[in-house]
>>> print(open('run.pdb').read())   # PDB, C-alpha atoms
ATOM      1  CA  MET Y  25      98.644 -15.490  50.449
ATOM      2  CA  ASP Y  26     101.024 -17.507  52.556
ATOM      3  CA  ARG Y  27     100.621 -18.539  56.188
ATOM      4  CA  LYS Y  28     102.376 -15.402  57.403
ATOM      5  CA  ASP Y  29     100.012 -13.184  55.401
ATOM      6  CA  GLY Y  30      97.071 -15.277  56.592
ATOM      7  CA  GLY Y  31      98.103 -14.589  60.171
ATOM      8  CA  ALA Y  32      98.097 -10.850  59.532
ATOM      9  CA  VAL Y  33      94.713 -11.020  57.821
ATOM     10  CA  ILE Y  34      93.121 -13.090  60.596
ATOM     11  CA  GLU Y  35      94.643 -10.733  63.164
ATOM     12  CA  ALA Y  36      93.010  -7.791  61.357
ATOM     13  CA  LEU Y  37      89.706  -9.681  61.303
ATOM     14  CA  HIS Y  38      90.042 -10.330  65.043
ATOM     15  CA  GLU Y  39      90.585  -6.619  65.630
ATOM     16  CA  ARG Y  40      87.407  -5.847  63.667
ATOM     17  CA  ILE Y  41      85.434  -8.263  65.867
ATOM     18  CA  ASP Y  42      86.929  -6.678  69.000
ATOM     19  CA  THR Y  43      86.019  -3.206  67.717
ATOM     20  CA  PHE Y  44      82.479  -4.378  66.909
ATOM     21  CA  PHE Y  45      82.164  -5.748  70.452
ATOM     22  CA  ARG Y  46      83.527  -2.573  72.075
ATOM     23  CA  THR Y  47      81.149  -0.447  69.995
ATOM     24  CA  ALA Y  48      78.120  -2.583  70.913
ATOM     25  CA  MET Y  49      79.040  -2.404  74.598
ATOM     26  CA  SER Y  50      79.684   1.343  74.586
ATOM     27  CA  GLU Y  51      76.498   2.157  72.666
ATOM     28  CA  HIS Y  52      74.254  -0.190  74.657
ATOM     29  CA  PRO Y  53      75.951  -0.908  78.002
ATOM     30  CA  SER Y  54      72.737  -1.939  79.761
ATOM     31  CA  ALA Y  55      72.436  -4.930  77.414
ATOM     32  CA  PHE Y  56      75.669  -6.540  78.595
ATOM     33  CA  HIS Y  57      75.772  -8.348  81.915
ATOM     34  CA  CYS Y  58      78.831 -10.478  81.320
ATOM     35  CA  THR Y  59      82.004  -9.045  82.785
ATOM     36  CA  PRO Y  60      85.734  -9.766  82.621
ATOM     37  CA  GLY Y  61      86.271 -13.160  84.175
ATOM     38  CA  CYS Y  62      82.818 -14.415  83.166
ATOM     39  CA  THR Y  63      83.233 -17.963  81.897
ATOM     40  CA  ALA Y  64      79.639 -18.820  80.984
ATOM     41  CA  CYS Y  65      80.540 -19.140  77.303
ATOM     42  CA  CYS Y  66      83.725 -21.118  77.944
ATOM     43  CA  HIS Y  67      82.230 -24.426  79.021
ATOM     44  CA  VAL Y  68      82.405 -25.872  75.541
ATOM     45  CA  ASP Y  69      84.782 -27.905  73.402
ATOM     46  CA  LEU Y  70      85.760 -25.487  70.632
ATOM     47  CA  SER Y  71      87.519 -26.191  67.375
ATOM     48  CA  VAL Y  72      88.999 -23.790  64.838
ATOM     49  CA  LEU Y  73      90.328 -23.770  61.285
ATOM     50  CA  PRO Y  74      94.100 -23.953  60.751
ATOM     51  CA  VAL Y  75      94.564 -20.202  60.263
ATOM     52  CA  GLU Y  76      93.257 -19.596  63.794
ATOM     53  CA  ALA Y  77      94.789 -22.765  65.255
ATOM     54  CA  THR Y  78      98.211 -21.495  64.198
ATOM     55  CA  ARG Y  79      97.756 -18.286  66.211
ATOM     56  CA  VAL Y  80      96.508 -20.168  69.276
ATOM     57  CA  ARG Y  81      99.310 -22.738  68.997
ATOM     58  CA  THR Y  82     101.964 -20.000  68.743
ATOM     59  CA  ALA Y  83     100.604 -18.181  71.807
ATOM     60  CA  PHE Y  84     100.282 -21.435  73.728
ATOM     61  CA  ARG Y  85     103.861 -22.521  73.073
ATOM     62  CA  VAL Y  86     105.331 -19.418  74.743
ATOM     63  CA  LEU Y  87     103.402 -19.936  77.983
ATOM     64  CA  PRO Y  88     105.376 -21.105  81.012
ATOM     65  CA  ASP Y  89     105.635 -24.874  81.299
ATOM     66  CA  PRO Y  90     103.314 -25.101  84.348
ATOM     67  CA  ALA Y  91     100.568 -23.198  82.479
ATOM     68  CA  ARG Y  92     100.882 -25.503  79.469
ATOM     69  CA  GLY Y  93     100.817 -28.563  81.737
ATOM     70  CA  SER Y  94      97.689 -27.337  83.508
ATOM     71  CA  ALA Y  95      95.983 -26.689  80.167
ATOM     72  CA  ALA Y  96      96.840 -30.211  79.016
ATOM     73  CA  GLY Y  97      95.297 -31.564  82.218
ATOM     74  CA  ARG Y  98      92.144 -29.536  81.646
ATOM     75  CA  ALA Y  99      92.030 -30.773  78.048
ATOM     76  CA  ARG Y 100      92.196 -34.373  79.167
ATOM     77  CA  ALA Y 101      89.494 -33.770  81.801
ATOM     78  CA  GLY Y 102      87.227 -32.111  79.233
ATOM     79  CA  VAL Y 103      85.463 -29.959  81.808
ATOM     80  CA  HIS Y 104      85.595 -26.718  79.831
ATOM     81  CA  CYS Y 105      87.798 -24.991  77.301
ATOM     82  CA  ALA Y 106      91.352 -26.111  78.034
ATOM     83  CA  MET Y 107      92.584 -22.560  77.527
ATOM     84  CA  LEU Y 108      90.560 -21.337  80.506
ATOM     85  CA  ASP Y 109      92.790 -21.357  83.590
ATOM     86  CA  ASP Y 110      91.782 -22.068  87.183
ATOM     87  CA  ASP Y 111      91.164 -18.346  87.775
ATOM     88  CA  GLY Y 112      88.720 -18.124  84.858
ATOM     89  CA  ARG Y 113      91.126 -16.353  82.503
ATOM     90  CA  CYS Y 114      91.989 -17.321  78.949
ATOM     91  CA  VAL Y 115      95.676 -18.251  78.792
ATOM     92  CA  VAL Y 116      95.863 -17.345  75.090
ATOM     93  CA  TYR Y 117      93.575 -14.305  75.331
ATOM     94  CA  GLU Y 118      95.386 -12.119  72.777
ATOM     95  CA  ALA Y 119      95.331 -14.981  70.244
ATOM     96  CA  ARG Y 120      91.847 -16.295  71.095
ATOM     97  CA  PRO Y 121      89.848 -17.295  68.009
ATOM     98  CA  SER Y 122      86.896 -15.515  66.462
ATOM     99  CA  ILE Y 123      84.313 -17.660  68.213
ATOM    100  CA  CYS Y 124      85.683 -16.599  71.592
ATOM    101  CA  ARG Y 125      85.864 -12.954  70.572
ATOM    102  CA  SER Y 126      82.208 -12.986  69.547
ATOM    103  CA  HIS Y 127      80.838 -14.708  72.673
ATOM    104  CA  GLY Y 128      78.550 -12.317  74.494
ATOM    105  CA  LEU Y 129      77.430 -10.490  71.371
ATOM    106  CA  ALA Y 130      74.064 -10.981  69.773
ATOM    107  CA  VAL Y 131      74.687 -13.047  66.639
ATOM    108  CA  LEU Y 132      72.711 -13.818  63.519
ATOM    109  CA  VAL Y 133      72.699 -17.561  62.799
ATOM    110  CA  ASP Y 134      70.462 -19.236  60.225
ATOM    111  CA  GLY Y 135      68.305 -16.118  60.047
ATOM    112  CA  ARG Y 136      67.755 -16.012  63.819
ATOM    113  CA  ILE Y 137      69.243 -13.694  66.384
ATOM    114  CA  ASP Y 138      70.788 -15.487  69.340
ATOM    115  CA  ALA Y 139      72.590 -14.102  72.379
ATOM    116  CA  CYS Y 140      74.132 -15.188  75.633
ATOM    117  CA  PRO Y 141      71.308 -15.595  78.176
ATOM    118  CA  LYS Y 142      73.179 -13.221  80.506
ATOM    119  CA  ASN Y 143      72.889 -10.414  77.980
ATOM    120  CA  TYR Y 144      69.900  -8.652  76.424
ATOM    121  CA  ARG Y 145      67.604  -9.786  79.228
ATOM    122  CA  GLY Y 146      64.141  -8.477  78.480
ATOM    123  CA  GLU Y 147      65.265  -6.471  75.472
ATOM    124  CA  THR Y 148      65.945  -6.988  71.807
ATOM    125  CA  PRO Y 149      69.461  -6.415  70.488
ATOM    126  CA  ARG Y 150      69.845  -3.382  68.241
ATOM    127  CA  ARG Y 151      70.350  -4.520  64.653
ATOM    128  CA  GLN Y 152      73.649  -2.618  64.306
ATOM    129  CA  HIS Y 153      74.966  -4.617  67.274
ATOM    130  CA  VAL Y 154      74.139  -8.051  65.847
ATOM    131  CA  LEU Y 155      77.143  -9.875  64.397
ATOM    132  CA  ASP Y 156      76.370 -11.942  61.290
ATOM    133  CA  LEU Y 157      78.137 -15.211  62.119
ATOM    134  CA  GLU Y 158      77.634 -16.673  58.666
ATOM    135  CA  THR Y 159      79.455 -13.729  57.066
ATOM    136  CA  LEU Y 160      82.198 -13.941  59.689
ATOM    137  CA  ASN Y 161      82.632 -17.686  59.190
ATOM    138  CA  GLU Y 162      82.772 -17.224  55.407
ATOM    139  CA  ALA Y 163      85.568 -14.669  55.872
ATOM    140  CA  ILE Y 164      87.537 -17.073  58.074
ATOM    141  CA  VAL Y 165      87.095 -19.873  55.529
ATOM    142  CA  ARG Y 166      88.335 -17.579  52.733
ATOM    143  CA  VAL Y 167      91.408 -16.517  54.718
ATOM    144  CA  ASN Y 168      92.098 -20.130  55.618
ATOM    145  CA  ALA Y 169      91.836 -21.234  51.961
ATOM    146  CA  ALA Y 170      94.016 -18.355  50.795
ATOM    147  CA  THR Y 171      96.844 -19.641  53.012
ATOM    148  CA  GLY Y 172      96.825 -22.901  51.066
ATOM    149  CA  GLU Y 173      94.734 -24.921  53.496
ATOM    150  CA  LEU Y 174      92.365 -27.092  51.522
ATOM    151  CA  GLY Y 175      89.177 -28.332  53.084
ATOM    152  CA  LEU Y 176      87.758 -27.381  56.440
ATOM    153  CA  ARG Y 177      89.800 -29.557  58.799
ATOM    154  CA  ARG Y 178      89.328 -28.187  62.295
ATOM    155  CA  THR Y 179      91.563 -28.425  65.362
ATOM    156  CA  ARG Y 180      90.157 -28.646  68.865
ATOM    157  CA  LEU Y 181      91.667 -26.144  71.284
ATOM    158  CA  ALA Y 182      91.996 -29.026  73.725
ATOM    159  CA  ASP Y 183      94.124 -30.895  71.186
ATOM    160  CA  ILE Y 184      96.498 -27.933  70.936
ATOM    161  CA  ALA Y 185      97.096 -28.208  74.685
ATOM    162  CA  ILE Y 186      97.527 -31.965  74.552
ATOM    163  CA  GLU Y 187      99.756 -32.098  71.456
ATOM    164  CA  ASP Y 188     102.193 -29.703  73.072
ATOM    165  CA  ARG Y 189     102.467 -31.875  76.172
ATOM    166  CA  GLY Y 190     102.570 -35.241  74.465
TER     167      GLY Y 190
END
>>> encode(input="run.pdb", output="structure tokens")
Amino acid sequence: MDRKDGGAVIEALHERIDTFFRTAMSEHPSAFHCTPGCTACCHVDLSVLPVEATRVRTAFRVLPDPARGSAAGRARAGVHCAMLDDDGRCVVYEARPSICRSHGLAVLVDGRIDACPKNYRGETPRRQHVLDLETLNEAIVRVNAATGELGLRRTRLADIAIEDRG
């Protein structure tokens, strides 16, 4: 699998995560209290493997110059994810990585179920709506390796904004 094929595979994986999220929300709407524009999960310094960094980098490079400059400024300030604009919107939303796509869902990590504190208040997530993060991460690692990337070198989203701006 080359980088181009890896991009198609990761894009298909992203669509599966999005479908999983939409299904969980439609089948259990009362569990979700985050809404479009909610940035509670975005106040972190995220990093991704090369197969996802490539998608983010490609989307970032086609943004207007002022948007890229603002993202670089946010990256240098380190306040929150550099890809989150001043209006609380992701500037690379269509290319956002798996970790961003899964924020808000209940996830299985190290045998424990975890969820955003805004969601599932006073209730337990339904098992069919819990995303197994270990399985997801293994899939991303496999796709990354299949593109020829050796090791697990990660790229910070902030660095993508800064590297573009120099």
>>> residues_near_point(input="run.pdb", point="(97.3, -22.9, 71.5)", cutoff="12 Å", atoms="all atoms listed in the file", output="MDAnalysis selection string")
chainID Y and resid 70:72 74:87 91:92 95:96 99 105:108 114:121 179:189
>>> resolve_selection(input="run.pdb", expression="the PyMOL selection byres ((chain Y and resi 150) around 9)", output="list in words")
Ala48, His52, Ala130, Thr148, Pro149, Arg151, Gln152, His153 and Val154 of chain Y
>>> atom_distance(input="run.pdb", atom1="atom CA of Cys62 of chain Y", atom2="atom CA of Ser122 of chain Y")
17.2 Å
>>> resolve_selection(input="run.pdb", expression="the PyMOL selection byres ((chain Y and resi 133) around 10)", output="ChimeraX atom specification")
/Y:130-132,134-138,155-159
>>> atom_distance(input="run.pdb", atom1="atom CA of Gly93 of chain Y", atom2="atom CA of Arg177 of chain Y")
25.5 Å
>>> axis_aligned_box(input="run.pdb", around="segment 113-132 of chain Y", padding_each_side="3 Å", output="AutoDock Vina command-line options")
--center_x 84.3 --center_y -14.4 --center_z 73.0 --size_x 29.2 --size_y 13.8 --size_z 25.0
>>> resolve_selection(input="run.pdb", expression="the PyMOL selection byres ((chain Y and resi 39) around 12)", output="ChimeraX atom specification")
/Y:32-38,40-46,118-122,125-126
>>> residues_around(input="run.pdb", residues="His104 of chain Y", least_positions_apart="4", cutoff="9 Å", atoms="only C-alpha atoms", output="list of chain:residue names")
Y:Cys66, Y:His67, Y:Val68, Y:Asp69, Y:Arg98, Y:Ala99, Y:Leu108
>>> atom_distance(input="run.pdb", atom1="atom CA of Gly146 of chain Y", atom2="atom CA of Thr47 of chain Y")
20.6 Å
>>> residues_around(input="run.pdb", residues="Arg166 of chain Y", least_positions_apart="3", cutoff="12 Å", atoms="only C-alpha atoms", output="PDB file with C-alpha atoms, keeping the file's coordinate frame")
ATOM      1  CA  MET Y  25      98.644 -15.490  50.449  1.00  0.00           C
ATOM      2  CA  GLY Y  30      97.071 -15.277  56.592  1.00  0.00           C
ATOM      3  CA  VAL Y  33      94.713 -11.020  57.821  1.00  0.00           C
ATOM      4  CA  ILE Y  34      93.121 -13.090  60.596  1.00  0.00           C
ATOM      5  CA  LEU Y  37      89.706  -9.681  61.303  1.00  0.00           C
ATOM      6  CA  LEU Y  73      90.328 -23.770  61.285  1.00  0.00           C
ATOM      7  CA  PRO Y  74      94.100 -23.953  60.751  1.00  0.00           C
ATOM      8  CA  VAL Y  75      94.564 -20.202  60.263  1.00  0.00           C
ATOM      9  CA  THR Y 159      79.455 -13.729  57.066  1.00  0.00           C
ATOM     10  CA  LEU Y 160      82.198 -13.941  59.689  1.00  0.00           C
ATOM     11  CA  ASN Y 161      82.632 -17.686  59.190  1.00  0.00           C
ATOM     12  CA  GLU Y 162      82.772 -17.224  55.407  1.00  0.00           C
ATOM     13  CA  ALA Y 163      85.568 -14.669  55.872  1.00  0.00           C
ATOM     14  CA  ALA Y 169      91.836 -21.234  51.961  1.00  0.00           C
ATOM     15  CA  ALA Y 170      94.016 -18.355  50.795  1.00  0.00           C
ATOM     16  CA  THR Y 171      96.844 -19.641  53.012  1.00  0.00           C
ATOM     17  CA  GLY Y 172      96.825 -22.901  51.066  1.00  0.00           C
ATOM     18  CA  GLU Y 173      94.734 -24.921  53.496  1.00  0.00           C
ATOM     19  CA  LEU Y 174      92.365 -27.092  51.522  1.00  0.00           C
ATOM     20  CA  GLY Y 175      89.177 -28.332  53.084  1.00  0.00           C
ATOM     21  CA  LEU Y 176      87.758 -27.381  56.440  1.00  0.00           C
TER      22      LEU Y 176
END
>>> build_atoms(input="run.pdb", residues="segment 55-75 of chain Y", atoms="N, CA and C atoms", output="PDB file, in the coordinates of the input")
ATOM      1  N   ALA Y  55      72.742  -3.627  77.995  1.00  0.00           N
ATOM      2  CA  ALA Y  55      72.436  -4.930  77.414  1.00  0.00           C
ATOM      3  C   ALA Y  55      73.435  -6.001  77.845  1.00  0.00           C
ATOM      4  N   PHE Y  56      74.603  -5.579  78.301  1.00  0.00           N
ATOM      5  CA  PHE Y  56      75.669  -6.540  78.595  1.00  0.00           C
ATOM      6  C   PHE Y  56      75.814  -6.744  80.100  1.00  0.00           C
ATOM      7  N   HIS Y  57      75.657  -7.996  80.501  1.00  0.00           N
ATOM      8  CA  HIS Y  57      75.772  -8.348  81.915  1.00  0.00           C
ATOM      9  C   HIS Y  57      76.964  -9.259  82.177  1.00  0.00           C
ATOM     10  N   CYS Y  58      77.605  -9.702  81.122  1.00  0.00           N
ATOM     11  CA  CYS Y  58      78.831 -10.478  81.320  1.00  0.00           C
ATOM     12  C   CYS Y  58      79.962  -9.478  81.602  1.00  0.00           C
ATOM     13  N   THR Y  59      80.915  -9.919  82.373  1.00  0.00           N
ATOM     14  CA  THR Y  59      82.004  -9.045  82.785  1.00  0.00           C
ATOM     15  C   THR Y  59      83.334  -9.784  82.607  1.00  0.00           C
ATOM     16  N   PRO Y  60      84.446  -9.063  82.681  1.00  0.00           N
ATOM     17  CA  PRO Y  60      85.734  -9.766  82.621  1.00  0.00           C
ATOM     18  C   PRO Y  60      85.778 -10.863  83.688  1.00  0.00           C
ATOM     19  N   GLY Y  61      86.228 -12.023  83.267  1.00  0.00           N
ATOM     20  CA  GLY Y  61      86.271 -13.160  84.175  1.00  0.00           C
ATOM     21  C   GLY Y  61      85.044 -14.050  84.079  1.00  0.00           C
ATOM     22  N   CYS Y  62      84.009 -13.590  83.383  1.00  0.00           N
ATOM     23  CA  CYS Y  62      82.818 -14.415  83.166  1.00  0.00           C
ATOM     24  C   CYS Y  62      83.220 -15.581  82.270  1.00  0.00           C
ATOM     25  N   THR Y  63      82.853 -16.775  82.663  1.00  0.00           N
ATOM     26  CA  THR Y  63      83.233 -17.963  81.897  1.00  0.00           C
ATOM     27  C   THR Y  63      82.026 -18.731  81.369  1.00  0.00           C
ATOM     28  N   ALA Y  64      80.856 -18.123  81.391  1.00  0.00           N
ATOM     29  CA  ALA Y  64      79.639 -18.820  80.984  1.00  0.00           C
ATOM     30  C   ALA Y  64      79.737 -19.391  79.567  1.00  0.00           C
ATOM     31  N   CYS Y  65      80.426 -18.704  78.692  1.00  0.00           N
ATOM     32  CA  CYS Y  65      80.540 -19.140  77.303  1.00  0.00           C
ATOM     33  C   CYS Y  65      81.699 -20.102  77.079  1.00  0.00           C
ATOM     34  N   CYS Y  66      82.479 -20.357  78.097  1.00  0.00           N
ATOM     35  CA  CYS Y  66      83.725 -21.118  77.944  1.00  0.00           C
ATOM     36  C   CYS Y  66      83.583 -22.594  78.295  1.00  0.00           C
ATOM     37  N   HIS Y  67      82.421 -23.028  78.627  1.00  0.00           N
ATOM     38  CA  HIS Y  67      82.230 -24.426  79.021  1.00  0.00           C
ATOM     39  C   HIS Y  67      81.809 -25.263  77.822  1.00  0.00           C
ATOM     40  N   VAL Y  68      82.653 -25.181  76.797  1.00  0.00           N
ATOM     41  CA  VAL Y  68      82.405 -25.872  75.541  1.00  0.00           C
ATOM     42  C   VAL Y  68      83.726 -26.422  75.005  1.00  0.00           C
ATOM     43  N   ASP Y  69      83.618 -27.324  74.064  1.00  0.00           N
ATOM     44  CA  ASP Y  69      84.782 -27.905  73.402  1.00  0.00           C
ATOM     45  C   ASP Y  69      84.866 -27.273  72.014  1.00  0.00           C
ATOM     46  N   LEU Y  70      85.680 -26.240  71.880  1.00  0.00           N
ATOM     47  CA  LEU Y  70      85.760 -25.487  70.632  1.00  0.00           C
ATOM     48  C   LEU Y  70      86.803 -26.048  69.686  1.00  0.00           C
ATOM     49  N   SER Y  71      86.537 -25.849  68.397  1.00  0.00           N
ATOM     50  CA  SER Y  71      87.519 -26.191  67.375  1.00  0.00           C
ATOM     51  C   SER Y  71      87.603 -25.024  66.399  1.00  0.00           C
ATOM     52  N   VAL Y  72      88.754 -24.913  65.743  1.00  0.00           N
ATOM     53  CA  VAL Y  72      88.999 -23.790  64.838  1.00  0.00           C
ATOM     54  C   VAL Y  72      89.694 -24.285  63.574  1.00  0.00           C
ATOM     55  N   LEU Y  73      89.623 -23.471  62.533  1.00  0.00           N
ATOM     56  CA  LEU Y  73      90.328 -23.770  61.285  1.00  0.00           C
ATOM     57  C   LEU Y  73      91.822 -23.507  61.463  1.00  0.00           C
ATOM     58  N   PRO Y  74      92.645 -24.077  60.597  1.00  0.00           N
ATOM     59  CA  PRO Y  74      94.100 -23.953  60.751  1.00  0.00           C
ATOM     60  C   PRO Y  74      94.622 -22.527  60.894  1.00  0.00           C
ATOM     61  N   VAL Y  75      94.053 -21.570  60.181  1.00  0.00           N
ATOM     62  CA  VAL Y  75      94.564 -20.202  60.263  1.00  0.00           C
ATOM     63  C   VAL Y  75      94.433 -19.640  61.678  1.00  0.00           C
TER      64      VAL Y  75
END
